[in-house]
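> Got a structure here, written out as structure tokens. Questions coming.
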Amino acid sequence: MYLGVDYYPEQTDRALWNEDVRLMKELGVNVIRMAEFAWTMMEPADGEFDFSFWDEVVETFGEHFDIVLGTPTATPPAWLIEKCPEILPVTKDGVRISFGARRHYTVNSPIYREYCERITRKMAERYGRHPRVIGWQTDNEYGHEQSDRSYGDVDQVAFQAWLKERYETLDALNAAWGTVFWSHTYTAWTQIPVPRTVFQEHNPSLLVDFDRFCSDAYRSFNKLQVDTLRPLIHEDAFITHNLVYSDMAINQQQMAQDLDYVSFDNYPVWGGLPEPNRFEKTAHDHDLCRSSKQGKGFWVMEQLSGAQGWSRIGYLPRPGHIRLWTHQAVARGAEAIVYFRFRAADFGTEEFCHGIIDHDGKPKRKFEEVKHVMSELHAHGDMINAATYKSDVAVYFDQENLWAWTHQPHSDAFNFKQEFVRFYGAAVRQGVNTDIVFPGDALDSYKLVIVPLYFLGNDVFDETLIDYIENGGNVIFTYRTGVKDPINRCHNLTLPGKFAEYAGIEIDEYESLQTVQSNEVRLGDQVSEANIWCDLITPKGAEVLATYGQAFYKGTAAITRHTYKGDVTYIGSSVDDAMLDTVYHEALTRAGIDANRLPDDVEKVDRHGDGQLIRFYMNHSTEVTSSVELDGTWQTLDGETMTGTLELEPLAVFLLKQEVGA
């Protein structure tokens with residue numbers, strides 16, 4: 001198993017290199033990632049290349065470790081900006097971004113693409129056949145820090161060309177977008193804007209198409225680098241990119257198809273956050289990584305190892321957090337862990353992004369924790385990686401649906417990622433393995449498919465899902481299902497649209513709840529606050545599970561279940577976690593899935609090896625000890641027998657194995 005560090009020799013005193021090598025070897029490092037921000041050190045002036053520094057780096061560290069090199073295109077140098085300022089991105093207010101940070105480029109600049117192809121090619125010609133350079137990372141965190149969308153003139157020209165290829169005629173575009181509204185009808189392609197700031201709001205169809213355009217542009221930019229690298233690197237070397245999963249106008253799952261591996265930067269907490277994200281959010285990110293590449297294992301290219309931040313410093317990870325977050329990633333499919341960063345920088349914007357070694361250079365608590373977890377994974381990681389991750393439950397995700405919600409969130413209380421994670425996390429809390437599925441993925445192997453917040457439709461997924469339901473599949477829908485077609489126009493169907501028959505309901509009215517508003521939902525003796533949204537459900541064959549408790553629609557159905565061939569559950573409001581747990585537990589059990597509500601903050605993941613089951617138990621609480629009852633006899637990976645009650649102290653991780661029949 002690959003275990004390593006992110007290292008920046010250009011930011012480190014040359015006199016420390018030998019000591020750093022010694023300390024890395026003591027940790028158990030076998031791979032390092034470098035060079036992703038080092039353009040000016042390779043090309044100090046236009047067309048003048050000097051690789052002498054990196055020759056020394058590759059030889060010095062390559063004597064001891066395998067190396068992943070990053071192409072340095074996330075940081076175009078000052079001389080390039082001075083010569084070609086038109087490569088700089090433009091905000092939606094029409095302001096050209098200045099040189100001075102990173103990601104200061106637009107992928108729609110042909111000039112910038114030429115320079116990126118050249119520096120990538122020169123690097124690959126120099127190091128592509130080096131036996132210790134085992135992999136390449138393109139750029140760094142595409143689209144991060146609001147660099148996913150650019151609104152300049154070069155972007156507008158490219159957007160117009162993209163639209164012409166997509167729609168072919170203006171008549172087709174005008175009809176699709178409904179441009180007769182507000183007299184937006186276009187009579188020339190050059191009239192179509194990028195969505196810069198307006199007094200009100202842009203056409204929703206234009207907005208989602210602009211996001212699709214930005215995503216395609218980034219995929220094309222990435223593929224330019226992939227295609228440049230491929231013929232120049234040795235056949236065993238891989239190409240990856242360290243993805244960031246957010247609401248950016250980038251479709252990471254599509255981009256993943258052009259890469260050998262997906263990699264991901266795992267920061268459960270970052271600058272200014274008072275506490276880590278809920279563990280279901282991090283679990284969901286790992287599931288996205290694995291599922292984006294059809295179940296293939298992924299790399300964590302940056303694993304947090306200390307307090308992080310730029311001008312504001314975030315939460316200090318508690319003793320045990322590094323080990324816990326490492327094992328969580330491995331449990332859900334990470335085949336390699338690279339810790340960010342080995343040594344904290346003394347200067348620059350990230351000088352307070354603390355690493356394994358802080359500014360004083362002394363190995364302390366964090367060093368010992370990383371050393372311990374590396375030792376564990378060197379002993380058992382290959383066995384874990386050889387075990388299969390299997391899931392009976394799938395959760396549907398589509399980046400385009402996220403974009404549609406971003407542009408029309410309905411309520412000031414709504415945050416797509418937070419709500420999505422809640423609907424995803426309700427399955428995780430039941431101790432079941434989960435996959436993410438995307439448009440085009442098969443569903444027939446799953447016993448239950450969860451479809452949260454399905455606002456913007458996808459024809460391919462609709463066909464697959466309906467076929468799944470017709471063949472007895474079980475589904476959970478949530479509020480705002482079936483509202484939009486793929487062009488981002490409202491359907492002329494009674495909600496939940498084409499799924500109404502299968503859910504056995506109709507929704508004739510709904511209420512959007514702002515932050516200051518709420519209702520309540522009653523399910524038996526349980527009462528939950530209802531936030532964000534209330535679908536007023538009329539059963540058409542469905543069983544009513546829960547009703548609203550207030551307003552003129554008191555007594556109206558809020559949650560229903562319809563037995564079509566399998567069960568179709570519909571959750572019409574944003575209810576609390578406890579009520580979601582109740583609804584999910586029954587849905588999972590009825591679907592024939594072994595589900596048991598775990599204690600708060602406890603995560604369970606199963607991996608299936610050759611004749612044995614490997615199980616991870618992880619307690620994400622920093623304060624509470626929890627217990628779980630073991631089913632049968634288990635062994636730790638070191639051979640200790642475990643039965644009965646397993647006590648999980650705060651931030652504890654247990655890896656267990658059990659022999660199973662063939």
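We name chains A, B, ... following the order of the structure tokens; residues begin at 1 in each chain, and ligands are numbered from 1 as shown.
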I'd like the neighbourhood of Gly572 of chain A as a PyMOL selection string, where a residue qualifies if any of its atoms comes within 7 Å (using only C-alpha atoms), though same-chain residues fewer than 2 positions away should be ignored.

chain A and resi 478-479+534-535+558-559+570

> Select from segment 404-465 of chain A every residue with an atom at most 7 Å from any atom of segment 272-291 of chain A, then for each give the shortest pair of atoms and their distance in Å to one decimal, using only C-alpha atoms, rows by chain and rising number, as a tab-separated table.


residue	atom	partner	partner_atom	distance
A:Val421	CA	A:Lys281	CA	5.7
A:Gly425	CA	A:Glu280	CA	5.1
A:Val428	CA	A:Glu280	CA	7.0
A:Asp435	CA	A:Asp287	CA	6.0
A:Ile436	CA	A:Ser291	CA	5.6
A:Val437	CA	A:Ser291	CA	6.8

> Selected residues, C-alpha atoms, written as a JSON list (two decimals), in the first residue's frame, please.


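Once everything was written out, this is again_1.json:
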[["chain", "number", "residue", "atom", "x", "y", "z"],
["A", 421, "VAL", "CA", -25.60, 14.42, 3.17],
["A", 425, "GLY", "CA", -26.23, 9.77, 6.09],
["A", 428, "VAL", "CA", -24.86, 5.20, 6.82],
["A", 435, "ASP", "CA", -22.57, 3.40, -3.21],
["A", 436, "ILE", "CA", -23.14, 6.57, -5.20],
["A", 437, "VAL", "CA", -24.76, 6.05, -8.61]]

> Please provide as a list of chain:residue names all residues within 8 Å of Ile233 of chain A, with the sequence filter that same-chain residues fewer than 4 positions apart are discarded (counting only C-alpha atoms).

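My list of contacting residues is A:Ala124, A:Glu125, A:Tyr127, A:Gly128, A:Arg129, A:Leu229, A:Ala237.
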
> Tell me, in Å to one decimal, how far atom CA of Arg212 of chain A is from atom CA of Tyr267 of chain A.

26.7 Å

> Mind checking which residues fall within 12 Å of Ala172 of chain A, counting only C-alpha atoms, ignoring those fewer than 4 positions away in the same chain, and posting them as a PyMOL selection string?

chain A and resi 163-168+176-179+185-187+487

> The selected residues should be written to file as an mmCIF file, in the first residue's frame (atoms: C-alpha atoms).


data_model
loop_
_atom_site.group_PDB
_atom_site.id
_atom_site.type_symbol
_atom_site.label_atom_id
_atom_site.label_comp_id
_atom_site.auth_asym_id
_atom_site.auth_seq_id
_atom_site.Cartn_x
_atom_site.Cartn_y
_atom_site.Cartn_z
ATOM 1 C CA LEU A 163 -24.155 26.498 -27.689
ATOM 2 C CA LYS A 164 -24.072 26.519 -31.491
ATOM 3 C CA GLU A 165 -22.682 22.996 -31.490
ATOM 4 C CA ARG A 166 -25.255 21.860 -28.900
ATOM 5 C CA TYR A 167 -28.389 23.401 -30.418
ATOM 6 C CA GLU A 168 -27.325 23.901 -34.061
ATOM 7 C CA ALA A 176 -35.503 25.184 -25.467
ATOM 8 C CA TRP A 177 -34.780 28.120 -23.190
ATOM 9 C CA GLY A 178 -38.151 29.817 -23.620
ATOM 10 C CA THR A 179 -36.486 33.105 -24.565
ATOM 11 C CA THR A 185 -35.208 36.031 -28.080
ATOM 12 C CA TYR A 186 -31.792 35.858 -29.794
ATOM 13 C CA THR A 187 -31.361 36.651 -33.492
ATOM 14 C CA ILE A 487 -33.235 21.804 -19.976
#
